[in-house]
Amino acid sequence: MWKRMLLMLVCVALAVAGIAYAKFRQIQAGIAMGKSFAPPPAAVTTLQIQPQNWSPALSAIGSLKANQGVTITTDMVGIVSEIRFESGQSIQKGDLIVLLQNDQETAQLHSANARQHLAELTLARKLELQAKSALAPAEVDAAETELLQSKAAVEQAAALLARKQIAAPFSGVLGLRQVSLGQLLNPGTPIVTMHSVDPMLVQFNLPQHQLSSANPGTPIRITAQGTGSGSWSGKITAIDSQLNDASRSITVEGSVPNPDGTLRHGMFVNVELPLREEANALIVPASAINYAPYGDSIYVVKETPGADGKPAKTVEQQFVKLGDARGDQVRILSGLKPGDEIVTSGLFKLRPGAAVQINNSVQPPNSPTPKPPNT
C-alpha cells in the first residue's frame, strides 16, 4: 500500500513539474516577443531653427489716467434753472454746463451799474465846477473815490453772477449727469465728472532690475481689451522719484495720443516697452517646449540606423535655458544650436530615443503677434 501511495505522489509531482515547465516556456516566449516588438513611429511636426533678429520687449499691466480730470461742483448755494449738457458729451473750454437761478444777483448787478452811472455823472459835474474854481479839490477827490467804489461794486456783483454760471474748465468729455432741474445745490454737490481724453496718461510699474530700460522719451505701445485689435503708440514722460518699499518696483508714466477718444480714464491696458533689437537669436514656438519642474526641454530630431539597417528618425531630449517670450515665440538662451531640427507638436507621446514620423503639412502657431479669431 505504501508503495502505491509513493508511486501516486511521484506521478503528481511529475505532472506539476511538467505544467510548470510548460508555463515557464510560454512566459519566456512572451518576453522574447515583447523585446522584439517595436512601437510604430509617433507622428510629429518639426522645424529647423535658424538665427534671426529678435525684438524683445518688457511687458507690464498699466492703468489709464486722464491728463486732467475733475468733478464739476458749485461753490455756492443755488437752484438749477438750466442744464446745458448731455451725459457723455464732448465739450470745449468755457462752454456753459449748468445755470443756477440768478435773479437776485442780476438785480444786484443792475443796482451796482446804476450807482456807477450816478457816480460818473457826479464826478463830471464836479470837474466842471472845479474848472470854474467854484469847488474845493476835496469835493472832486470824494467824487473820484465814490466812482472807484461803485466800479468795484459792479465787479463784485458781476463776479457773484458769474459764479451762478458753471462752465467747463477745460476741453474734454463729460460723464453722467448727477443733477436735475429745480434741484437745490449746496457747495460741493457733484454735478458731473469731466476728463480730458487727448492725450491719455498711462501708469505702470517696472521692477528695479529693469529700471535702466525706461527713460523719458522711450517709446511705448499699449493695447486695451474692449477696444478692438488696435494698439496705440506713445512715449515715457516721467519716472517716479522712489521705489515701492514692498515690491521694489517703480512707477513709470507715459503719454499716449488718443484723438478719437477710444481710450477712457481708468482702463487697464497691456504696456510693451520695446528694447534694442538683437541679432542671431534662436527662436522656437512655445509649443516645442516641454515644461517640467526639473528643467525645460526640447526634443531634437536625429537620424540613426534602424533595426533593418536603414536610416530612421529618432528624438533626443535636450534641456534648454529659456529667455523672454513674444506672442507664440520663445527665445532659447542655451541648449540648442543653429540648424537643429526640433519637434514642435506631439511632445506628450515622446520619450528619448523614440522613433518619429515627420508630417509638416500643418504647423502649430508661430507668430510674434498672434491674433486669435475670437478676439
# chains A, B, ... in the order shown; residues from 1 in each chain; ligands from 1
call {"tool": "residues_around", "arguments": {"residues": "Pro364 (chain A)", "least_positions_apart": "3", "cutoff": "12 Å", "atoms": "only C-alpha atoms", "output": "number ranges by chain"}}
result
A: 44-47, 284-288, 328-329, 343-346, 359-361, 367, 370
call {"tool": "select_by_dssp", "arguments": {"residues": "region 105-194 of chain A", "states": "helix (DSSP H, G or I)", "output": "ChimeraX atom specification"}}
result
/A:105-131,137-162
call {"tool": "write_last_selection", "arguments": {"atoms": "N, CA and C atoms", "output": "short mmCIF file (atom, residue, chain, number, x, y, z; two decimals), in the first residue's frame"}}
result
data_model
loop_
_atom_site.label_atom_id
_atom_site.label_comp_id
_atom_site.auth_asym_id
_atom_site.auth_seq_id
_atom_site.Cartn_x
_atom_site.Cartn_y
_atom_site.Cartn_z
N GLU A 105 -28.85 138.06 -8.03
CA GLU A 105 -27.53 138.54 -8.43
C GLU A 105 -27.63 139.48 -9.63
N THR A 106 -28.58 139.20 -10.53
CA THR A 106 -28.77 140.09 -11.67
C THR A 106 -29.26 141.46 -11.21
N ALA A 107 -30.17 141.46 -10.25
CA ALA A 107 -30.68 142.73 -9.73
C ALA A 107 -29.57 143.50 -9.03
N GLN A 108 -28.73 142.79 -8.29
CA GLN A 108 -27.62 143.47 -7.62
C GLN A 108 -26.65 144.08 -8.64
N LEU A 109 -26.44 143.39 -9.77
CA LEU A 109 -25.56 143.94 -10.81
C LEU A 109 -26.18 145.20 -11.43
N HIS A 110 -27.49 145.17 -11.68
CA HIS A 110 -28.16 146.36 -12.24
C HIS A 110 -28.04 147.53 -11.27
N SER A 111 -28.23 147.26 -9.97
CA SER A 111 -28.14 148.32 -8.97
C SER A 111 -26.72 148.90 -8.92
N ALA A 112 -25.72 148.01 -9.00
CA ALA A 112 -24.34 148.49 -8.97
C ALA A 112 -24.02 149.30 -10.22
N ASN A 113 -24.55 148.90 -11.37
CA ASN A 113 -24.34 149.68 -12.59
C ASN A 113 -24.97 151.06 -12.48
N ALA A 114 -26.17 151.12 -11.86
CA ALA A 114 -26.84 152.41 -11.69
C ALA A 114 -26.02 153.33 -10.78
N ARG A 115 -25.47 152.78 -9.69
CA ARG A 115 -24.66 153.61 -8.78
C ARG A 115 -23.40 154.08 -9.48
N GLN A 116 -22.82 153.22 -10.33
CA GLN A 116 -21.63 153.63 -11.07
C GLN A 116 -21.97 154.76 -12.05
N HIS A 117 -23.13 154.65 -12.70
CA HIS A 117 -23.53 155.70 -13.64
C HIS A 117 -23.73 157.03 -12.92
N LEU A 118 -24.37 156.96 -11.73
CA LEU A 118 -24.57 158.19 -10.96
C LEU A 118 -23.23 158.78 -10.51
N ALA A 119 -22.31 157.92 -10.10
CA ALA A 119 -21.01 158.41 -9.67
C ALA A 119 -20.26 159.05 -10.82
N GLU A 120 -20.40 158.54 -12.04
CA GLU A 120 -19.74 159.14 -13.20
C GLU A 120 -20.31 160.53 -13.49
N LEU A 121 -21.66 160.65 -13.41
CA LEU A 121 -22.28 161.96 -13.65
C LEU A 121 -21.87 162.97 -12.58
N THR A 122 -21.86 162.52 -11.32
CA THR A 122 -21.48 163.43 -10.22
C THR A 122 -20.05 163.90 -10.39
N LEU A 123 -19.15 163.00 -10.76
CA LEU A 123 -17.75 163.39 -10.95
C LEU A 123 -17.62 164.38 -12.11
N ALA A 124 -18.38 164.16 -13.18
CA ALA A 124 -18.29 165.07 -14.34
C ALA A 124 -18.74 166.47 -13.94
N ARG A 125 -19.83 166.59 -13.18
CA ARG A 125 -20.31 167.92 -12.77
C ARG A 125 -19.29 168.61 -11.86
N LYS A 126 -18.72 167.85 -10.95
CA LYS A 126 -17.78 168.46 -10.02
C LYS A 126 -16.49 168.88 -10.73
N LEU A 127 -16.11 168.15 -11.76
CA LEU A 127 -14.94 168.57 -12.53
C LEU A 127 -15.22 169.87 -13.27
N GLU A 128 -16.47 170.06 -13.75
CA GLU A 128 -16.82 171.32 -14.42
C GLU A 128 -16.77 172.49 -13.44
N LEU A 129 -17.29 172.26 -12.22
CA LEU A 129 -17.26 173.33 -11.21
C LEU A 129 -15.83 173.64 -10.78
N GLN A 130 -14.99 172.57 -10.68
CA GLN A 130 -13.61 172.82 -10.29
C GLN A 130 -12.88 173.64 -11.36
N ALA A 131 -13.24 173.35 -12.63
CA ALA A 131 -12.60 174.13 -13.70
C ALA A 131 -12.95 175.62 -13.61
N PRO A 137 -11.02 171.18 -4.13
CA PRO A 137 -10.45 169.91 -4.64
C PRO A 137 -10.89 168.69 -3.84
N ALA A 138 -11.15 168.85 -2.56
CA ALA A 138 -11.56 167.71 -1.74
C ALA A 138 -12.88 167.12 -2.23
N GLU A 139 -13.76 168.00 -2.73
CA GLU A 139 -15.03 167.50 -3.25
C GLU A 139 -14.81 166.61 -4.49
N VAL A 140 -13.86 167.02 -5.35
CA VAL A 140 -13.56 166.20 -6.54
C VAL A 140 -12.94 164.87 -6.12
N ASP A 141 -12.04 164.92 -5.13
CA ASP A 141 -11.43 163.68 -4.66
C ASP A 141 -12.48 162.71 -4.13
N ALA A 142 -13.45 163.23 -3.40
CA ALA A 142 -14.52 162.38 -2.86
C ALA A 142 -15.35 161.76 -3.98
N ALA A 143 -15.60 162.55 -5.04
CA ALA A 143 -16.38 162.02 -6.17
C ALA A 143 -15.61 160.94 -6.91
N GLU A 144 -14.30 161.11 -7.07
CA GLU A 144 -13.49 160.09 -7.73
C GLU A 144 -13.46 158.80 -6.90
N THR A 145 -13.36 158.95 -5.60
CA THR A 145 -13.37 157.78 -4.72
C THR A 145 -14.71 157.06 -4.80
N GLU A 146 -15.78 157.82 -4.85
CA GLU A 146 -17.11 157.21 -4.96
C GLU A 146 -17.24 156.43 -6.27
N LEU A 147 -16.66 156.97 -7.35
CA LEU A 147 -16.72 156.28 -8.64
C LEU A 147 -15.92 154.97 -8.59
N LEU A 148 -14.75 155.01 -7.98
CA LEU A 148 -13.95 153.79 -7.86
C LEU A 148 -14.68 152.73 -7.03
N GLN A 149 -15.32 153.15 -5.96
CA GLN A 149 -16.06 152.21 -5.14
C GLN A 149 -17.24 151.60 -5.90
N SER A 150 -17.89 152.42 -6.70
CA SER A 150 -19.02 151.91 -7.47
C SER A 150 -18.56 150.92 -8.54
N LYS A 151 -17.40 151.18 -9.15
CA LYS A 151 -16.85 150.23 -10.13
C LYS A 151 -16.51 148.91 -9.45
N ALA A 152 -15.95 148.97 -8.26
CA ALA A 152 -15.63 147.74 -7.52
C ALA A 152 -16.90 146.97 -7.18
N ALA A 153 -17.97 147.71 -6.85
CA ALA A 153 -19.24 147.05 -6.55
C ALA A 153 -19.80 146.35 -7.78
N VAL A 154 -19.61 146.99 -8.98
CA VAL A 154 -20.06 146.35 -10.22
C VAL A 154 -19.27 145.07 -10.46
N GLU A 155 -17.97 145.15 -10.29
CA GLU A 155 -17.14 143.95 -10.49
C GLU A 155 -17.51 142.84 -9.52
N GLN A 156 -17.80 143.22 -8.28
CA GLN A 156 -18.18 142.22 -7.29
C GLN A 156 -19.51 141.56 -7.65
N ALA A 157 -20.49 142.39 -8.08
CA ALA A 157 -21.79 141.84 -8.47
C ALA A 157 -21.66 140.95 -9.70
N ALA A 158 -20.80 141.36 -10.66
CA ALA A 158 -20.60 140.55 -11.86
C ALA A 158 -19.93 139.22 -11.52
N ALA A 159 -18.96 139.26 -10.60
CA ALA A 159 -18.29 138.02 -10.20
C ALA A 159 -19.27 137.08 -9.50
N LEU A 160 -20.15 137.63 -8.67
CA LEU A 160 -21.14 136.80 -7.99
C LEU A 160 -22.11 136.18 -8.99
N LEU A 161 -22.49 136.96 -10.01
CA LEU A 161 -23.38 136.44 -11.05
C LEU A 161 -22.68 135.35 -11.87
N ALA A 162 -21.39 135.53 -12.13
CA ALA A 162 -20.64 134.53 -12.91
C ALA A 162 -20.55 133.21 -12.16
#
call {"tool": "residues_around", "arguments": {"residues": "region 309-317 of chain A", "least_positions_apart": "4", "cutoff": "6 Å", "atoms": "only C-alpha atoms", "output": "list in words"}}
result
Ile298, Tyr299, Val300, Val301, Lys302, Glu303, Thr304, Pro305, Pro352, Gly353, Ala354, Ala355 and Val356 of chain A
call {"tool": "select_by_dssp", "arguments": {"residues": "region 168-235 of chain A", "states": "strand (DSSP E)", "output": "list of chain:residue names"}}
result
A:Gly172, A:Val173, A:Leu174, A:Leu184, A:Leu185, A:Val192, A:Thr193, A:Met194, A:His195, A:Met200, A:Leu201, A:Val202, A:Gln203, A:Phe204, A:Asn205, A:Leu206, A:Pro207, A:Pro219, A:Ile220, A:Arg221, A:Ile222, A:Thr223, A:Trp232, A:Ser233, A:Gly234, A:Lys235
call {"tool": "residues_around", "arguments": {"residues": "region 229-241 of chain A", "least_positions_apart": "3", "cutoff": "6 Å", "atoms": "only C-alpha atoms", "output": "list of chain:residue names"}}
result
A:Pro216, A:Gly217, A:Thr218, A:Pro219, A:Ile220, A:Arg221, A:Ile222, A:Thr223, A:Thr251, A:Val252, A:Glu253, A:Gly254, A:Ser255, A:Val256
call {"tool": "closest_residue", "arguments": {"among": "A:Leu14, A:Arg177, A:Leu273, A:Leu243", "to": "Asn215 (chain A)", "atoms": "only C-alpha atoms"}}
result
A:Leu273
call {"tool": "atom_distance", "arguments": {"atom1": "CA of Ile191 (chain A)", "atom2": "CA of Val269 (chain A)"}}
result
28.9 Å
call {"tool": "residues_around", "arguments": {"residues": "Ala57 (chain A)", "least_positions_apart": "3", "cutoff": "6 Å", "atoms": "only C-alpha atoms", "output": "ChimeraX atom specification"}}
result
/A:272-275
call {"tool": "atom_distance", "arguments": {"atom1": "CA of Phe268 (chain A)", "atom2": "CA of Lys93 (chain A)"}}
result
27.8 Å
